[in-house]
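These notes concern the structure reproduced below.
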Amino acid sequence: MAEEPLPKMIKVYIMGKEYEVPEGLTIMKAMEYAGYRFIRGSGCRAGFCGACGTIFRKKGEYKFQTALACQTTVEEGMYLTELPFVPANKALYDIDELTPSPQTIVALYPEIARCVSCNTCTKMCPQDLEVMDFIQAALRGDIQQAAELSFDCLQCGLCAARCPADIVHYHVGQLARRLHGKYISPRSPHLKKRNEEIEAGTFTEEMETLTQMNLEELKKSYSERDTEK
Amino acid sequence: MKIPYYPGCTLKSTAKNFENTTLAVSQALDIELIELPRWNCCGTVYSLSSDDLMHQLAPIRNLIRVQDMGYDNVTTLCSMCYNTLEQANQLVKSDPEKLEKMNSFMDREEDYAGGVDVIHYLTLLRDTIGFETLPVKNSLDGLTVVPYYGCLLLRPEEVSIDNPEAPTIMTDLLTALGATVIDHPYKLECCGSYHTVDYKDVVCEKTFSILSSAQERGAEAVVLSCPLCEFNLDFRQKDVEQELVPMPILYFSQLLAIALGINCDLGFDQHYVNPEPLLKKKGVLR
């Protein structure tokens, strides 16, 4: 039996120390290969949870780059680290007591008025969001635009870590989306209708039947279910 | 005509009435204001530290957005936005080294080539339509007003939209609309600006001297072009300790909309002293 070829090893620098790691690993896997163990700063490992925001630099370049450690593969000569957490200020509020007025966001996060439009946040975003633009939208009270532009934010916090004005963009975006969801976007008529059906008992009998089934019956019922084409 | 339009943050919130009336007026005059598809705060206050380039990024980035649209000019309404954009523009036009440094920093944008002209809306009206040829349908005859320029339309001289010591642009406009315009010595006085946040009493003092002087000369309302001046002269009236007859403060665009007979929301609910009773009493508003 032919032996599987060994993966090519590349040199990386983790917190300044040189390691050899197999090519093709993600930053997170490469650090684990080198012996690091993540208790915090790792989550879904699929690019959705935003826990593993990281900063790195490629060999021969002067610029810092950012990424999610679980989504970016290592390259020869990379300088790596991981940022377990951004200790950013988060405003406390009761969403039910807020109003979606142009001043709501700036009242809770007055530091957004310190934005000088340097755009460093945008350059740092691993999701390629127009971060500065959503902060500017929030500053002028355009909650809808702030919510829409920040929609794909994973809350990794890299923007805040690099902001010279100490703005916490990801929390500002989250507040905008909450205000938008609660007060601005139209209510779903389908949800209202379905809730009424549930309250009227339309599905009670079906639910009862399901809860009485044993595992085999459930499996059979599942494999024979109606599916959307 | 078509021209890019930079609104600025305040025009989207506390000075929405300034924007709405100007948009309605522009439509009637066939001036198509194309709002910049992307824009950020103008920078709010022009930074006077000559090497403080970080604070020049905001205005220059907006001029890059204009350049991206394929235009070489932009108009704006707010006096402060006008002043900040134009001062920053002149700084980089006269200092290629600073411009290069900023372009190198803003490396995700096209370089700013220094080819955009910033035009205040009053200048645009005067130079493209002409005040004398405005289609006035509802003369402001009977209304006595004073124009108030404050600082930002006129100072420093390099960015002034008119003679910085003896401006007439608003007088000319208001006279063309049929109003009686009287001169007053405080038309160039600073309103106290951002002292309104931490030193309310400074602004109240200013508001009192500006408004009482105008009233003594027979003015019934003040006309201006700056949302911060508007706030200070209008809303600070409630904090003025001396006796002062409540005085309406209007944006020039509101009087323009009325004089041109445009049916639009004048936004009087955004004022502290409601101008409506005065305008009705004078027969300017029905």
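Following the order of the structure tokens, first chain is A, next is B, and so on, with residues numbered from 1 inside each chain and ligands from 1 in the order they appear.
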
Selection near Val240 of chain B, 9 Å with only C-alpha atoms, sequence-local residues under 3 positions removed, as a ChimeraX atom specification: /B:201,203-205,207-208,236-237,243-244

Sorted by chain and rising residue number, list the residues of chain A at most 6 Å from chain B (counting only C-alpha atoms), each with its closest atom pair and distance in Å to one decimal, as a Markdown table.
| residue | atom | partner | partner_atom | distance |
| --- | --- | --- | --- | --- |
| A:Val116 | CA | B:Ala58 | CA | 5.8 |
| A:Ser117 | CA | B:Ala58 | CA | 5.0 |
| A:Gln136 | CA | B:Asn40 | CA | 5.6 |
| A:Arg140 | CA | B:Cys9 | CA | 4.6 |

Output file for the selection above: C-alpha atoms, as an mmCIF file, in the first residue's frame:
data_model
loop_
_atom_site.group_PDB
_atom_site.id
_atom_site.type_symbol
_atom_site.label_atom_id
_atom_site.label_comp_id
_atom_site.auth_asym_id
_atom_site.auth_seq_id
_atom_site.Cartn_x
_atom_site.Cartn_y
_atom_site.Cartn_z
ATOM 1 C CA VAL A 116 -13.640 61.286 11.567
ATOM 2 C CA SER A 117 -14.472 58.989 8.626
ATOM 3 C CA GLN A 136 -22.326 57.565 9.707
ATOM 4 C CA ARG A 140 -27.418 61.113 11.249
#

Shell around Arg40 of chain A at 10 Å using only C-alpha atoms, local window under 2 positions removed, as a compact mmCIF listing (two decimals) with N, CA and C atoms, in the first residue's frame:
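Saved result, selection34.txt, follows:
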# COMPACT_ATOMS: atom_id res chain seq x y z
N ARG A 37 -4.54 25.81 22.79
CA ARG A 37 -5.84 25.22 23.02
C ARG A 37 -6.83 26.37 23.26
N PHE A 38 -7.89 26.39 22.48
CA PHE A 38 -8.85 27.50 22.60
C PHE A 38 -10.00 27.13 23.52
N SER A 42 -13.16 30.78 20.26
CA SER A 42 -13.53 29.87 19.18
C SER A 42 -14.96 29.44 19.44
N GLY A 43 -15.68 29.19 18.37
CA GLY A 43 -17.09 28.84 18.57
C GLY A 43 -17.55 27.86 17.52
N ALA A 51 -16.63 34.52 16.92
CA ALA A 51 -15.82 34.44 18.14
C ALA A 51 -14.32 34.52 17.87
N CYS A 52 -13.89 34.18 16.65
CA CYS A 52 -12.46 33.97 16.42
C CYS A 52 -11.82 35.06 15.56
N LEU A 83 -7.27 36.95 18.92
CA LEU A 83 -7.82 37.90 19.88
C LEU A 83 -9.03 37.26 20.52
N PRO A 84 -8.92 36.87 21.78
CA PRO A 84 -10.03 36.12 22.37
C PRO A 84 -11.28 36.96 22.60
N PHE A 85 -11.13 38.27 22.79
CA PHE A 85 -12.30 39.06 23.19
C PHE A 85 -11.95 40.53 23.02

Nearby residues (only C-alpha atoms) at most 12 Å from segment 71-73 of chain A, same-chain spacing under 4 positions excluded, as a ChimeraX atom specification: /A:10,12,21-31,42,44-56,58,65-67,78,80,126-127

For the residues in the current selection, export C-alpha atoms as a PDB file, in the first residue's frame.
ATOM      1  CA  ILE A  10       5.221  25.866   6.084  1.00  0.00           C
ATOM      2  CA  VAL A  12       4.497  30.608  10.520  1.00  0.00           C
ATOM      3  CA  VAL A  21       2.603  23.665  10.416  1.00  0.00           C
ATOM      4  CA  PRO A  22       1.020  21.713   7.542  1.00  0.00           C
ATOM      5  CA  GLU A  23      -0.041  23.809   4.577  1.00  0.00           C
ATOM      6  CA  GLY A  24      -3.770  24.243   4.082  1.00  0.00           C
ATOM      7  CA  LEU A  25      -4.775  24.548   7.736  1.00  0.00           C
ATOM      8  CA  THR A  26      -6.880  27.441   8.904  1.00  0.00           C
ATOM      9  CA  ILE A  27      -5.267  29.915  11.297  1.00  0.00           C
ATOM     10  CA  MET A  28      -7.207  28.307  14.138  1.00  0.00           C
ATOM     11  CA  LYS A  29      -6.206  24.754  13.216  1.00  0.00           C
ATOM     12  CA  ALA A  30      -2.592  25.813  12.685  1.00  0.00           C
ATOM     13  CA  MET A  31      -2.456  27.299  16.161  1.00  0.00           C
ATOM     14  CA  SER A  42     -13.535  29.868  19.180  1.00  0.00           C
ATOM     15  CA  CYS A  44     -18.868  27.473  15.538  1.00  0.00           C
ATOM     16  CA  ARG A  45     -15.715  26.991  13.433  1.00  0.00           C
ATOM     17  CA  ALA A  46     -17.863  27.701  10.410  1.00  0.00           C
ATOM     18  CA  GLY A  47     -17.588  31.465   9.956  1.00  0.00           C
ATOM     19  CA  PHE A  48     -20.881  32.370  11.588  1.00  0.00           C
ATOM     20  CA  CYS A  49     -20.395  33.036  15.281  1.00  0.00           C
ATOM     21  CA  GLY A  50     -17.733  35.747  15.115  1.00  0.00           C
ATOM     22  CA  ALA A  51     -15.819  34.441  18.140  1.00  0.00           C
ATOM     23  CA  CYS A  52     -12.460  33.973  16.419  1.00  0.00           C
ATOM     24  CA  GLY A  53     -11.662  37.396  14.993  1.00  0.00           C
ATOM     25  CA  THR A  54      -7.949  37.673  14.482  1.00  0.00           C
ATOM     26  CA  ILE A  55      -5.245  39.966  13.215  1.00  0.00           C
ATOM     27  CA  PHE A  56      -2.266  38.877  11.103  1.00  0.00           C
ATOM     28  CA  LYS A  58       1.718  38.464   5.656  1.00  0.00           C
ATOM     29  CA  GLN A  65      -5.034  42.235   8.035  1.00  0.00           C
ATOM     30  CA  THR A  66      -7.946  40.742   9.866  1.00  0.00           C
ATOM     31  CA  ALA A  67      -9.930  37.566   9.439  1.00  0.00           C
ATOM     32  CA  MET A  78       2.470  34.649   8.285  1.00  0.00           C
ATOM     33  CA  LEU A  80      -0.366  35.165  13.682  1.00  0.00           C
ATOM     34  CA  PRO A 126     -13.745  40.304   7.827  1.00  0.00           C
ATOM     35  CA  GLN A 127     -17.315  40.397   6.505  1.00  0.00           C
TER      36      GLN A 127
END

Using only C-alpha atoms: which of B:Asn103, B:Thr76, B:Asn17, B:Gln87 has the shortest distance to Ser50 of chain B: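 Of the candidates, the smallest distance to Ser50 of chain B is held by B:Gln87.
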
In segment 9-135 of chain A, DSSP alpha helix (DSSP H) residues written as JSON, numbers by chain: {"A": [27, 28, 29, 30, 31, 32, 33, 104, 105, 106, 107, 108, 120, 121, 122, 123, 124, 131, 132, 133, 134, 135]}

Neighbour list for His195 of chain B as a PyMOL selection string, cut-off 12 Å, only C-alpha atoms, skip fewer than 3 positions in-chain: chain B and resi 190-192+198-206+228-229+231-232+236

Residues near Leu173 of chain B, cut-off 10 Å, only C-alpha atoms, skip fewer than 3 positions along chain, as a short mmCIF file (atom, residue, chain, number, x, y, z; two decimals) with N, CA and C atoms, in the first residue's frame:
data_model
loop_
_atom_site.label_atom_id
_atom_site.label_comp_id
_atom_site.auth_asym_id
_atom_site.auth_seq_id
_atom_site.Cartn_x
_atom_site.Cartn_y
_atom_site.Cartn_z
N LEU B 122 -27.31 79.21 -2.01
CA LEU B 122 -27.64 80.61 -2.29
C LEU B 122 -26.87 81.11 -3.52
N LEU B 125 -28.37 79.54 -6.65
CA LEU B 125 -29.60 80.23 -7.06
C LEU B 125 -29.28 81.54 -7.77
N ARG B 126 -28.38 82.32 -7.16
CA ARG B 126 -28.04 83.64 -7.70
C ARG B 126 -27.41 83.51 -9.09
N GLY B 130 -30.84 83.33 -10.93
CA GLY B 130 -30.89 84.79 -10.75
C GLY B 130 -32.07 85.15 -9.86
N PHE B 131 -31.83 85.96 -8.84
CA PHE B 131 -32.91 86.31 -7.90
C PHE B 131 -34.03 87.09 -8.59
N GLU B 132 -33.62 87.98 -9.52
CA GLU B 132 -34.61 88.86 -10.15
C GLU B 132 -35.60 88.07 -11.02
N LEU B 134 -36.73 85.01 -10.41
CA LEU B 134 -37.49 83.98 -9.69
C LEU B 134 -38.99 84.17 -9.93
N PRO B 147 -31.82 89.56 7.48
CA PRO B 147 -31.00 88.39 7.19
C PRO B 147 -29.95 88.24 8.28
N THR B 168 -24.66 91.05 0.79
CA THR B 168 -26.02 91.45 0.39
C THR B 168 -26.82 90.29 -0.18
N ILE B 169 -26.19 89.12 -0.28
CA ILE B 169 -26.84 88.03 -1.03
C ILE B 169 -28.23 87.68 -0.47
N MET B 170 -28.37 87.62 0.84
CA MET B 170 -29.70 87.28 1.38
C MET B 170 -30.66 88.46 1.27
N ALA B 176 -36.08 90.42 -3.61
CA ALA B 176 -36.69 89.90 -4.84
C ALA B 176 -37.98 89.15 -4.55
N LEU B 177 -38.08 88.60 -3.34
CA LEU B 177 -39.29 87.86 -2.98
C LEU B 177 -40.38 88.81 -2.46
N GLY B 178 -40.06 90.09 -2.36
CA GLY B 178 -41.07 91.08 -1.98
C GLY B 178 -41.03 91.50 -0.53
N ALA B 179 -40.13 90.94 0.26
CA ALA B 179 -40.08 91.29 1.68
C ALA B 179 -39.41 92.64 1.87
N VAL B 181 -36.59 94.33 3.74
CA VAL B 181 -35.40 93.83 4.40
C VAL B 181 -34.68 94.99 5.09
N PHE B 252 -34.11 80.54 4.73
CA PHE B 252 -34.47 81.27 3.52
C PHE B 252 -35.33 80.41 2.59
N LEU B 256 -38.76 81.12 0.50
CA LEU B 256 -38.74 80.90 -0.95
C LEU B 256 -39.93 80.04 -1.37
#

Exercise: segment 210-222 of chain B partners within 9 Å, only C-alpha atoms, chain neighbours under 6 positions left out, as a list in words: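 Once the nearby chain positions are removed, what remains is Leu143, Thr144, Val145, Val146, Pro147, Tyr148, Thr180, Val181, Ile182, Asp183, His184, Pro185, Tyr186, Lys187, Glu189, Cys191, Leu233, Leu244, Val245, Met247, Pro248, Ile249, Leu250, Tyr251, Pro275 and Leu278 of chain B.
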
Gap from atom CA of Ser225 of chain B to atom CA of Leu77 of chain B - Å, one decimal: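 It comes out at 6.9 Å.
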
Computed interatomic separation between atom CA of Asp52 of chain B and atom CA of Cys118 of chain A (Å): 12.6 Å

Å distance separating atom CA of Thr202 of chain A from atom CA of Pro186 of chain A, one decimal place: 25.8 Å

Segment 115-262 of chain B: residues DSSP assigns to strand (DSSP E or B), reported as a list in words: Asp117, Val118, Ile119, His120, Thr144, Val145, Val146, Pro147, Thr180, Val181, Ala221, Val222, Val223, Leu224, Ile249, Leu250 and Tyr251 of chain B
